[in-house]
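Q: Input file: target_4.tsv. Contents: TSV, C-alpha atoms.
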chain	number	residue	atom	x	y	z
A	9	MET	CA	-10.12	-9.25	5.88
A	10	THR	CA	-7.49	-8.83	8.56
A	11	ALA	CA	-6.37	-12.40	7.74
A	12	MET	CA	-4.45	-10.79	4.87
A	13	PHE	CA	-1.88	-9.83	7.48
A	14	ALA	CA	0.02	-11.79	10.11
A	15	PRO	CA	-1.63	-12.16	13.51
A	16	ARG	CA	-0.20	-10.12	16.37
A	17	GLY	CA	2.80	-11.78	17.97
A	18	SER	CA	4.68	-11.13	21.20
A	19	HIS	CA	5.58	-7.65	22.38
A	20	GLU	CA	9.16	-8.29	21.20
A	21	GLU	CA	8.03	-9.50	17.77
A	22	ILE	CA	5.77	-6.49	17.30
A	23	GLU	CA	8.40	-3.93	18.28
A	24	GLU	CA	11.60	-5.48	16.99
A	25	GLY	CA	10.53	-8.06	14.41
A	26	ALA	CA	10.52	-8.05	10.62
A	27	VAL	CA	6.97	-9.37	10.29
A	28	PHE	CA	4.26	-6.83	9.51
A	29	GLN	CA	1.51	-7.34	12.09
A	30	PRO	CA	-0.69	-4.25	11.81
A	31	LYS	CA	-3.17	-3.68	14.59
A	32	PHE	CA	-6.67	-2.76	13.49
A	33	ASP	CA	-8.92	-1.16	16.10
A	34	ARG	CA	-12.38	-2.36	17.09
A	35	ASP	CA	-13.78	-0.82	13.92
A	36	GLY	CA	-11.19	-2.68	11.84
A	37	LEU	CA	-9.22	0.49	11.13
A	38	ILE	CA	-5.64	1.73	11.45
A	39	GLY	CA	-4.60	5.39	11.34
A	40	ALA	CA	-2.47	6.59	8.43
A	41	ILE	CA	-0.40	9.78	8.44
A	42	VAL	CA	0.31	11.07	4.94
A	43	THR	CA	3.23	13.42	4.25
A	44	ASP	CA	5.03	14.58	1.15
A	45	ALA	CA	8.72	13.82	0.64
A	46	LYS	CA	9.65	17.06	2.42
A	47	GLY	CA	7.74	16.11	5.57
A	48	VAL	CA	4.73	18.38	5.18
A	49	VAL	CA	1.81	16.53	6.78
A	50	LEU	CA	-0.83	16.43	4.06
A	51	MET	CA	-3.65	14.51	5.72
A	52	PHE	CA	-4.66	11.93	8.27
A	53	ALA	CA	-7.05	9.13	7.35
A	54	HIS	CA	-7.91	5.54	8.19
A	55	MET	CA	-7.40	2.25	6.39
A	56	ASN	CA	-9.11	-1.06	6.83
A	57	ALA	CA	-7.27	-4.26	5.87
A	58	GLU	CA	-8.64	-4.09	2.34
A	59	ALA	CA	-7.42	-0.51	1.86
A	60	LEU	CA	-4.02	-1.35	3.30
A	61	ALA	CA	-3.67	-4.40	1.06
A	62	ALA	CA	-4.72	-2.36	-1.99
A	63	THR	CA	-2.19	0.33	-1.08
A	64	ILE	CA	0.64	-2.20	-0.76
A	65	GLU	CA	-0.32	-4.07	-3.93
A	66	THR	CA	-0.85	-1.08	-6.21
A	67	GLY	CA	1.55	1.46	-4.68
A	68	VAL	CA	-1.29	3.99	-4.72
A	69	ALA	CA	-2.89	5.17	-1.46
A	70	HIS	CA	-6.28	3.70	-0.61
A	71	PHE	CA	-8.21	4.51	2.55
A	72	TYR	CA	-11.48	3.60	4.17
A	73	SER	CA	-14.04	6.39	4.10
A	74	ARG	CA	-15.84	6.35	7.43
A	75	SER	CA	-18.48	8.80	6.21
A	76	ARG	CA	-19.25	6.79	3.08
A	77	ALA	CA	-18.45	3.42	4.72
A	78	LYS	CA	-16.46	2.14	1.77
A	79	LEU	CA	-13.05	1.68	0.21
A	80	TRP	CA	-11.76	5.02	-0.98
A	81	LYS	CA	-9.06	5.36	-3.62
A	82	LYS	CA	-7.78	8.83	-2.82
A	83	GLY	CA	-7.97	11.13	-5.83
A	84	GLU	CA	-10.56	9.02	-7.63
A	85	SER	CA	-12.88	12.02	-8.15
A	86	SER	CA	-10.35	14.85	-8.21
A	87	GLY	CA	-7.39	13.27	-10.01
A	88	HIS	CA	-5.13	13.76	-7.01
A	89	GLU	CA	-3.91	10.19	-6.71
A	90	MET	CA	-1.12	9.53	-4.23
A	91	THR	CA	1.82	7.37	-5.26
A	92	VAL	CA	3.39	5.83	-2.17
A	93	GLU	CA	7.14	6.37	-2.05
A	94	GLU	CA	7.56	4.82	1.39
A	95	LEU	CA	5.27	3.13	3.89
A	96	ARG	CA	6.37	2.91	7.50
A	97	VAL	CA	4.83	1.40	10.62
A	98	ASP	CA	5.37	2.49	14.20
A	99	CYS	CA	6.77	0.63	17.20
A	100	ASP	CA	3.53	-1.01	18.30
A	101	GLN	CA	2.33	-1.37	14.71
A	102	ASP	CA	-0.90	0.53	15.22
A	103	ALA	CA	-0.13	3.57	13.07
A	104	LEU	CA	1.18	4.04	9.52
A	105	TRP	CA	3.20	6.77	7.83
A	106	LEU	CA	2.97	7.13	4.06
A	107	LYS	CA	5.35	9.37	2.15
A	108	VAL	CA	3.60	10.17	-1.09
A	109	ARG	CA	3.78	12.05	-4.36
A	110	VAL	CA	0.45	13.70	-5.18
A	111	ALA	CA	-0.74	13.84	-8.79
A	112	GLY	CA	-2.50	16.76	-10.48
A	113	THR	CA	-2.21	20.09	-8.68
A	114	GLY	CA	-0.53	18.40	-5.69
A	115	ALA	CA	-3.42	19.22	-3.38
A	116	ALA	CA	-4.32	16.59	-0.80
A	117	CYS	CA	-7.24	18.39	0.86
A	118	HIS	CA	-10.79	18.32	-0.47
A	119	THR	CA	-10.95	22.08	0.24
A	120	GLY	CA	-8.38	22.58	-2.53
A	121	ARG	CA	-5.34	23.14	-0.29
A	122	LYS	CA	-2.07	21.25	-0.49
A	123	SER	CA	-2.47	20.06	3.12
A	124	CYS	CA	-5.53	19.53	5.31
A	125	PHE	CA	-3.56	21.21	8.11
A	126	TYR	CA	-3.96	24.82	6.92
A	127	ARG	CA	-4.71	26.39	10.31
A	128	ALA	CA	-2.55	26.81	13.41
A	129	VAL	CA	-4.05	26.86	16.90
A	130	GLU	CA	-3.02	30.00	18.74
A	131	GLY	CA	-3.55	31.29	22.26
A	132	GLY	CA	-2.27	30.38	25.65
A	133	ALA	CA	-5.49	29.19	27.28
A	134	ALA	CA	-7.64	26.34	26.04
A	135	GLY	CA	-10.79	28.46	26.14
A	136	ALA	CA	-9.21	31.39	24.29
A	137	THR	CA	-7.78	29.69	21.24
A	138	ARG	CA	-8.09	31.01	17.71
A	139	LEU	CA	-7.18	29.48	14.40
A	140	ARG	CA	-4.72	31.31	12.19
A	141	PRO	CA	-4.49	30.38	8.49
A	142	VAL	CA	-1.10	28.96	7.45
A	143	ASP	CA	-0.20	27.91	3.88
A	144	ASP	CA	-3.89	27.98	3.03
A	145	ALA	CA	-3.78	28.95	-0.66
A	146	ARG	CA	-6.16	26.85	-2.74
A	147	LEU	CA	-4.58	24.89	-5.59
A	148	PHE	CA	-7.95	24.02	-7.06
A	149	ASP	CA	-11.55	25.14	-6.74
A	150	PRO	CA	-13.46	22.39	-4.93
A	151	LYS	CA	-16.79	23.55	-6.40
A	152	ALA	CA	-15.45	22.99	-9.91
A	153	VAL	CA	-13.82	19.66	-9.10
A	154	TYR	CA	-16.45	17.96	-6.96
A	155	LYS	CA	-19.69	18.23	-8.83
A	156	GLY	CA	-22.86	17.10	-7.11
B	14	MET	CA	-14.01	18.03	29.87
B	15	THR	CA	-14.78	18.71	26.23
B	16	ALA	CA	-16.60	21.85	27.39
B	17	MET	CA	-13.13	23.45	27.51
B	18	PHE	CA	-13.48	23.81	23.76
B	19	ALA	CA	-16.14	25.32	21.54
B	20	PRO	CA	-18.97	23.02	20.42
B	21	ARG	CA	-18.97	21.86	16.82
B	22	GLY	CA	-20.49	24.39	14.46
B	23	SER	CA	-21.62	24.18	10.86
B	24	HIS	CA	-19.61	22.44	8.17
B	25	GLU	CA	-18.48	25.88	6.93
B	26	GLU	CA	-17.45	27.03	10.42
B	27	ILE	CA	-15.48	23.84	11.02
B	28	GLU	CA	-13.61	23.97	7.72
B	29	GLU	CA	-13.16	27.68	7.15
B	30	GLY	CA	-13.66	29.30	10.54
B	31	ALA	CA	-11.24	30.73	13.09
B	32	VAL	CA	-12.84	28.99	16.07
B	33	PHE	CA	-11.12	25.87	17.35
B	34	GLN	CA	-13.80	23.17	17.57
B	35	PRO	CA	-11.86	19.92	17.99
B	36	LYS	CA	-13.80	16.73	17.48
B	37	PHE	CA	-13.25	14.06	20.10
B	38	ASP	CA	-14.27	10.52	19.18
B	39	ARG	CA	-16.61	8.28	21.17
B	40	ASP	CA	-13.77	7.59	23.60
B	41	GLY	CA	-13.22	11.32	24.06
B	42	LEU	CA	-9.95	11.24	22.07
B	43	ILE	CA	-8.42	13.05	19.12
B	44	GLY	CA	-5.41	11.79	17.16
B	45	ALA	CA	-2.17	13.78	17.30
B	46	ILE	CA	0.65	13.50	14.75
B	47	VAL	CA	3.99	14.61	16.17
B	48	THR	CA	6.83	15.69	13.88
B	49	ASP	CA	10.09	17.53	14.38
B	50	ALA	CA	10.72	20.87	12.67
B	51	LYS	CA	12.17	19.04	9.63
B	52	GLY	CA	9.01	17.00	9.11
B	53	VAL	CA	10.22	13.65	10.43
B	54	VAL	CA	7.17	11.94	11.92
B	55	LEU	CA	8.21	11.10	15.47
B	56	MET	CA	5.09	9.47	16.87
B	57	PHE	CA	1.33	9.23	16.77
B	58	ALA	CA	-0.69	9.39	19.97
B	59	HIS	CA	-4.07	10.47	21.30
B	60	MET	CA	-5.22	13.37	23.44
B	61	ASN	CA	-8.35	13.81	25.48
B	62	ALA	CA	-9.65	17.33	26.17
B	63	GLU	CA	-7.59	17.56	29.36
B	64	ALA	CA	-4.36	16.63	27.55
B	65	LEU	CA	-5.10	19.05	24.72
B	66	ALA	CA	-5.84	21.88	27.17
B	67	ALA	CA	-2.63	21.11	29.11
B	68	THR	CA	-0.65	21.11	25.87
B	69	ILE	CA	-2.05	24.49	24.82
B	70	GLU	CA	-1.63	26.04	28.26
B	71	THR	CA	1.91	24.83	29.00
B	72	GLY	CA	3.35	24.56	25.49
B	73	VAL	CA	4.57	21.07	26.37
B	74	ALA	CA	2.99	18.01	24.74
B	75	HIS	CA	0.56	16.02	26.88
B	76	PHE	CA	-1.31	12.95	25.68
B	77	TYR	CA	-3.79	10.45	27.02
B	78	SER	CA	-2.29	7.04	27.63
B	79	ARG	CA	-4.87	4.48	26.56
B	80	SER	CA	-2.90	1.61	28.12
B	81	ARG	CA	-2.58	3.38	31.48
B	82	ALA	CA	-5.91	5.23	31.15
B	83	LYS	CA	-4.49	8.52	32.34
B	84	LEU	CA	-3.04	11.88	31.40
B	85	TRP	CA	0.50	11.41	30.12
B	86	LYS	CA	3.04	14.18	30.04
B	87	LYS	CA	5.37	12.87	27.37
B	88	GLY	CA	8.94	12.58	28.67
B	89	GLU	CA	7.93	12.54	32.31
B	90	SER	CA	9.92	9.35	32.99
B	91	SER	CA	12.63	9.63	30.36
B	92	GLY	CA	13.33	13.37	30.28
B	93	HIS	CA	12.29	13.62	26.64
B	94	GLU	CA	9.77	16.41	27.01
B	95	MET	CA	8.36	17.89	23.83
B	96	THR	CA	8.11	21.66	23.46
B	97	VAL	CA	5.40	22.52	20.96
B	98	GLU	CA	6.59	24.92	18.28
B	99	GLU	CA	3.38	24.81	16.30
B	100	LEU	CA	-0.01	23.12	16.72
B	101	ARG	CA	-2.21	22.70	13.67
B	102	VAL	CA	-5.65	21.24	13.14
B	103	ASP	CA	-7.01	19.68	9.97
B	104	CYS	CA	-9.95	20.61	7.76
B	105	ASP	CA	-12.62	18.73	9.71
B	106	GLN	CA	-10.89	19.42	13.02
B	107	ASP	CA	-10.58	15.78	14.03
B	108	ALA	CA	-6.79	15.45	13.83
B	109	LEU	CA	-3.89	17.49	15.19
B	110	TRP	CA	-0.33	18.06	14.01
B	111	LEU	CA	2.28	19.11	16.56
B	112	LYS	CA	5.71	20.32	15.47
B	113	VAL	CA	7.95	19.82	18.48
B	114	ARG	CA	11.47	20.12	19.83
B	115	VAL	CA	12.39	17.06	21.88
B	116	ALA	CA	14.53	17.48	25.01
B	117	GLY	CA	17.32	15.17	26.15
B	118	THR	CA	18.70	12.83	23.51
B	119	GLY	CA	15.96	13.89	21.08
B	120	ALA	CA	14.40	10.43	21.06
B	121	ALA	CA	10.60	10.27	20.89
B	122	CYS	CA	10.18	6.50	20.96
B	123	HIS	CA	10.14	4.42	24.13
B	124	THR	CA	12.42	1.92	22.34
B	125	GLY	CA	15.15	4.58	22.37
B	126	ARG	CA	14.84	5.63	18.74
B	127	LYS	CA	14.35	9.19	17.49
B	128	SER	CA	11.10	8.18	15.78
B	129	CYS	CA	8.58	5.42	16.45
B	130	PHE	CA	8.50	4.85	12.68
B	131	TYR	CA	11.82	2.98	12.37
B	132	ARG	CA	10.63	0.26	9.97
B	133	ALA	CA	9.49	0.43	6.35
B	134	VAL	CA	6.94	-2.02	4.94
B	135	GLU	CA	8.32	-3.74	1.84
B	136	GLY	CA	6.91	-6.18	-0.65
B	137	GLY	CA	4.37	-5.99	-3.41
B	138	ALA	CA	1.71	-8.31	-2.02
B	139	ALA	CA	-0.11	-7.83	1.26
B	140	GLY	CA	0.67	-11.38	2.39
B	141	ALA	CA	4.37	-11.14	1.52
B	142	THR	CA	5.38	-7.98	3.32
B	143	ARG	CA	8.53	-7.64	5.39
B	144	LEU	CA	9.70	-4.84	7.63
B	145	ARG	CA	13.05	-3.24	6.86
B	146	PRO	CA	14.77	-1.15	9.54
B	147	VAL	CA	15.19	2.55	8.63
B	148	ASP	CA	16.91	5.13	10.83
B	149	ASP	CA	16.63	2.71	13.74
B	150	ALA	CA	19.71	3.63	15.78
B	151	ARG	CA	18.95	3.87	19.49
B	152	LEU	CA	19.68	7.21	21.13
B	153	PHE	CA	19.18	5.77	24.60
B	154	ASP	CA	18.95	2.38	26.26
B	155	PRO	CA	15.33	1.85	27.28
B	156	LYS	CA	16.33	-0.70	29.95
B	157	ALA	CA	18.47	1.91	31.67
B	158	VAL	CA	15.88	4.70	31.36
B	159	TYR	CA	12.63	2.92	32.23
B	160	LYS	CA	13.27	1.07	35.45
B	161	GLY	CA	10.58	-1.28	36.69
What would you get if you wrote out this structure as structure tokens?
A:
Amino acid sequence: MTAMFAPRGSHEEIEEGAVFQPKFDRDGLIGAIVTDAKGVVLMFAHMNAEALAATIETGVAHFYSRSRAKLWKKGESSGHEMTVEELRVDCDQDALWLKVRVAGTGAACHTGRKSCFYRAVEGGAAGATRLRPVDDARLFDPKAVYKG
Amino acid sequence: MTAMFAPRGSHEEIEEGAVFQPKFDRDGLIGAIVTDAKGVVLMFAHMNAEALAATIETGVAHFYSRSRAKLWKKGESSGHEMTVEELRVDCDQDALWLKVRVAGTGAACHTGRKSCFYRAVEGGAAGATRLRPVDDARLFDPKAVYKG
């Protein structure tokens, strides 16, 4: 599947070139950061080559579900599809950044929140950290949306 | 090293609890998204438990360099240290989001750019993609900063 994309070139080509040469890890995956247009980080997920190709071709975010081991069109069950407004790649082409517009209630998290990052880590020592809720209002009730 | 943090609890505790139970992958790493206060994604890197503990304890971002296989205090060579203004964890506690303030020129990328994500992926078919530079001005000259 990775043959859909150009093979990795030189260090210079990867960092400064105009050819997309995404690096998939040993599991065939690349990390994808998803934000809204305002820069709120909504979620972090992985894509395989098939998911990345589907995302580019349809303009709608597709990922690879590691728990279900299959292609995952985000929002398929809940109606929260993500339209990709911009897709960026980083310097060494082993991470992606998607700016998206979320359909439905605008929630990206399966818990019903807008963002999966609804808790801040507090505390000055690693062993004494606590999580503090931040922007954790639910936009939908997951029990009503995900049945069974 | 992962004993610095609480062991993983139930699904409910992980998603809704106030105890930080970060999940490290089989290499002992957790992914960390780094943005500025405005939500520009600056970089994506990995932390091991030691790097995460150092980040929490000092308030300055530390990562694990996979290429050098060691703890990496970001900015150590270039002066671009990152002060952590907020650290968040996601629903399943296997990804982190750091909002930071970058010292020096404000560049987070080793190529001299503010962000590592200085190219957008364009094109409607996976095999016909091109990279278009976006916000790719260099804030420093990497050849002058990284010597040898």
Q: Please provide the set of residues having any atom within 9 Å of Ala108 (chain B), restricted to all atoms listed in the file, with same-chain residues fewer than 3 positions apart removed, written as an MDAnalysis selection string.
A: (chainID A and resid 51:52 125) or (chainID B and resid 35:36 43:46 101:105)
Q: Fit chain B to chain A: least squares, all C-alpha atoms, paired in order; write the output as a compact mmCIF listing (two decimals) with C-alpha atoms, in the coordinates of the input.
A:
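Full text of superposed_6.txt as output:
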# COMPACT_ATOMS: atom_id res chain seq x y z
CA MET B 14 -10.15 -9.26 5.90
CA THR B 15 -7.51 -8.83 8.58
CA ALA B 16 -6.37 -12.37 7.77
CA MET B 17 -4.46 -10.77 4.87
CA PHE B 18 -1.89 -9.82 7.48
CA ALA B 19 0.01 -11.78 10.10
CA PRO B 20 -1.64 -12.14 13.52
CA ARG B 21 -0.20 -10.12 16.38
CA GLY B 22 2.80 -11.77 17.98
CA SER B 23 4.67 -11.12 21.19
CA HIS B 24 5.58 -7.65 22.38
CA GLU B 25 9.16 -8.29 21.20
CA GLU B 26 8.03 -9.50 17.76
CA ILE B 27 5.77 -6.48 17.31
CA GLU B 28 8.41 -3.93 18.29
CA GLU B 29 11.60 -5.48 16.98
CA GLY B 30 10.51 -8.04 14.41
CA ALA B 31 10.51 -8.04 10.61
CA VAL B 32 6.96 -9.36 10.29
CA PHE B 33 4.26 -6.82 9.51
CA GLN B 34 1.51 -7.35 12.09
CA PRO B 35 -0.69 -4.25 11.80
CA LYS B 36 -3.17 -3.68 14.58
CA PHE B 37 -6.66 -2.77 13.48
CA ASP B 38 -8.92 -1.17 16.09
CA ARG B 39 -12.38 -2.38 17.09
CA ASP B 40 -13.77 -0.82 13.91
CA GLY B 41 -11.19 -2.70 11.84
CA LEU B 42 -9.21 0.50 11.12
CA ILE B 43 -5.64 1.72 11.45
CA GLY B 44 -4.61 5.38 11.33
CA ALA B 45 -2.47 6.59 8.42
CA ILE B 46 -0.39 9.78 8.44
CA VAL B 47 0.31 11.07 4.94
CA THR B 48 3.23 13.41 4.26
CA ASP B 49 5.03 14.58 1.16
CA ALA B 50 8.72 13.81 0.64
CA LYS B 51 9.66 17.05 2.46
CA GLY B 52 7.74 16.08 5.59
CA VAL B 53 4.73 18.36 5.20
CA VAL B 54 1.80 16.52 6.78
CA LEU B 55 -0.83 16.41 4.05
CA MET B 56 -3.65 14.51 5.71
CA PHE B 57 -4.65 11.92 8.26
CA ALA B 58 -7.05 9.14 7.34
CA HIS B 59 -7.90 5.54 8.19
CA MET B 60 -7.40 2.26 6.39
CA ASN B 61 -9.12 -1.06 6.84
CA ALA B 62 -7.28 -4.26 5.87
CA GLU B 63 -8.65 -4.09 2.33
CA ALA B 64 -7.42 -0.50 1.84
CA LEU B 65 -4.02 -1.34 3.30
CA ALA B 66 -3.67 -4.41 1.06
CA ALA B 67 -4.72 -2.35 -2.00
CA THR B 68 -2.19 0.33 -1.08
CA ILE B 69 0.63 -2.21 -0.76
CA GLU B 70 -0.32 -4.07 -3.93
CA THR B 71 -0.84 -1.07 -6.22
CA GLY B 72 1.53 1.46 -4.68
CA VAL B 73 -1.30 4.00 -4.73
CA ALA B 74 -2.88 5.18 -1.47
CA HIS B 75 -6.28 3.70 -0.61
CA PHE B 76 -8.21 4.52 2.55
CA TYR B 77 -11.49 3.60 4.17
CA SER B 78 -14.03 6.39 4.10
CA ARG B 79 -15.83 6.35 7.43
CA SER B 80 -18.47 8.82 6.21
CA ARG B 81 -19.23 6.79 3.08
CA ALA B 82 -18.45 3.42 4.72
CA LYS B 83 -16.46 2.16 1.77
CA LEU B 84 -13.05 1.69 0.21
CA TRP B 85 -11.74 5.03 -1.00
CA LYS B 86 -9.06 5.37 -3.62
CA LYS B 87 -7.77 8.83 -2.81
CA GLY B 88 -7.97 11.12 -5.85
CA GLU B 89 -10.55 9.02 -7.63
CA SER B 90 -12.86 12.03 -8.15
CA SER B 91 -10.34 14.85 -8.21
CA GLY B 92 -7.38 13.29 -10.02
CA HIS B 93 -5.12 13.76 -7.01
CA GLU B 94 -3.90 10.20 -6.71
CA MET B 95 -1.13 9.53 -4.23
CA THR B 96 1.82 7.36 -5.25
CA VAL B 97 3.40 5.83 -2.17
CA GLU B 98 7.15 6.37 -2.03
CA GLU B 99 7.57 4.82 1.39
CA LEU B 100 5.26 3.13 3.90
CA ARG B 101 6.38 2.90 7.51
CA VAL B 102 4.83 1.40 10.61
CA ASP B 103 5.38 2.48 14.19
CA CYS B 104 6.78 0.63 17.20
CA ASP B 105 3.53 -1.01 18.30
CA GLN B 106 2.34 -1.38 14.71
CA ASP B 107 -0.91 0.52 15.21
CA ALA B 108 -0.13 3.57 13.06
CA LEU B 109 1.19 4.03 9.53
CA TRP B 110 3.20 6.77 7.84
CA LEU B 111 2.96 7.13 4.07
CA LYS B 112 5.35 9.38 2.16
CA VAL B 113 3.60 10.17 -1.10
CA ARG B 114 3.79 12.07 -4.36
CA VAL B 115 0.46 13.70 -5.17
CA ALA B 116 -0.72 13.85 -8.80
CA GLY B 117 -2.49 16.77 -10.46
CA THR B 118 -2.20 20.10 -8.68
CA GLY B 119 -0.52 18.41 -5.71
CA ALA B 120 -3.42 19.22 -3.39
CA ALA B 121 -4.32 16.58 -0.80
CA CYS B 122 -7.23 18.37 0.85
CA HIS B 123 -10.79 18.32 -0.47
CA THR B 124 -10.95 22.08 0.22
CA GLY B 125 -8.37 22.57 -2.54
CA ARG B 126 -5.36 23.13 -0.30
CA LYS B 127 -2.07 21.23 -0.49
CA SER B 128 -2.49 20.06 3.11
CA CYS B 129 -5.53 19.51 5.31
CA PHE B 130 -3.57 21.20 8.11
CA TYR B 131 -3.96 24.81 6.91
CA ARG B 132 -4.72 26.38 10.31
CA ALA B 133 -2.56 26.82 13.40
CA VAL B 134 -4.06 26.86 16.90
CA GLU B 135 -3.02 30.01 18.75
CA GLY B 136 -3.56 31.30 22.25
CA GLY B 137 -2.27 30.37 25.65
CA ALA B 138 -5.48 29.20 27.28
CA ALA B 139 -7.65 26.35 26.06
CA GLY B 140 -10.79 28.50 26.14
CA ALA B 141 -9.19 31.41 24.28
CA THR B 142 -7.77 29.69 21.23
CA ARG B 143 -8.10 31.02 17.71
CA LEU B 144 -7.19 29.46 14.40
CA ARG B 145 -4.74 31.31 12.18
CA PRO B 146 -4.50 30.38 8.49
CA VAL B 147 -1.10 28.94 7.44
CA ASP B 148 -0.20 27.92 3.89
CA ASP B 149 -3.90 27.98 3.03
CA ALA B 150 -3.80 28.95 -0.65
CA ARG B 151 -6.16 26.85 -2.75
CA LEU B 152 -4.58 24.89 -5.58
CA PHE B 153 -7.96 24.02 -7.05
CA ASP B 154 -11.56 25.13 -6.74
CA PRO B 155 -13.46 22.39 -4.92
CA LYS B 156 -16.79 23.55 -6.39
CA ALA B 157 -15.46 23.00 -9.89
CA VAL B 158 -13.83 19.64 -9.09
CA TYR B 159 -16.46 17.93 -6.94
CA LYS B 160 -19.71 18.22 -8.81
CA GLY B 161 -22.86 17.10 -7.04
Q: Need to verify the contact set: region 65-81 of chain A, 12 Å, all atoms listed in the file, exclusion of same-chain residues closer than 4 positions in sequence. Can you return it as a ChimeraX atom specification?
A: /A:12,35-43,51-61,85-95,104-111,116 /B:134-142
Q: Using all atoms listed in the file for the distances, tell me which of B:Pro146, B:Gly119, B:Gly88, B:Gly52 is nearest to chain A.
A: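 Closest to chain A, using all atoms listed in the file: B:Gly52.
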Q: So what do you get for CA of Glu89 (chain B) versus CA of Ala50 (chain B), distance-wise?
A: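 Computing the Euclidean distance for CA of Glu89 (chain B) and CA of Ala50 (chain B) yields 21.5 Å.
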Q: For CA of Ser128 (chain B) and CA of Val54 (chain B), quote the distance in Å rounded to one decimal.
A: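 Rounded to one decimal, the two atoms are 6.7 Å apart.
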Q: Rounded to one decimal in Å, what is the spacing between CA of Val142 (chain A) and CA of Ile27 (chain B)?
A: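 Computed distance, CA of Val142 (chain A) to CA of Ile27 (chain B), equals 15.7 Å.
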Q: For Glu28 (chain B), find every residue with an atom within 8 Å (counting all atoms listed in the file), except residues of its own chain fewer than 2 positions away, and show them as a ChimeraX atom specification.
A: /B:24-26,30,104-106
Q: Nearest residue to Tyr126 (chain A) out of A:Ile64, A:Leu147, A:Ala152, A:Leu50, using all atoms listed in the file?
A: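 Ranking A:Ile64, A:Leu147, A:Ala152, A:Leu50 by distance to Tyr126 (chain A), first place goes to A:Leu50.
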Q: Which of these, A:Ala26, A:Cys124, A:Asp149, A:Cys117, has the shortest distance to Asp107 (chain B) once you count all atoms listed in the file?
A: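 With all atoms listed in the file as the atom set, the closest residue is A:Cys124.
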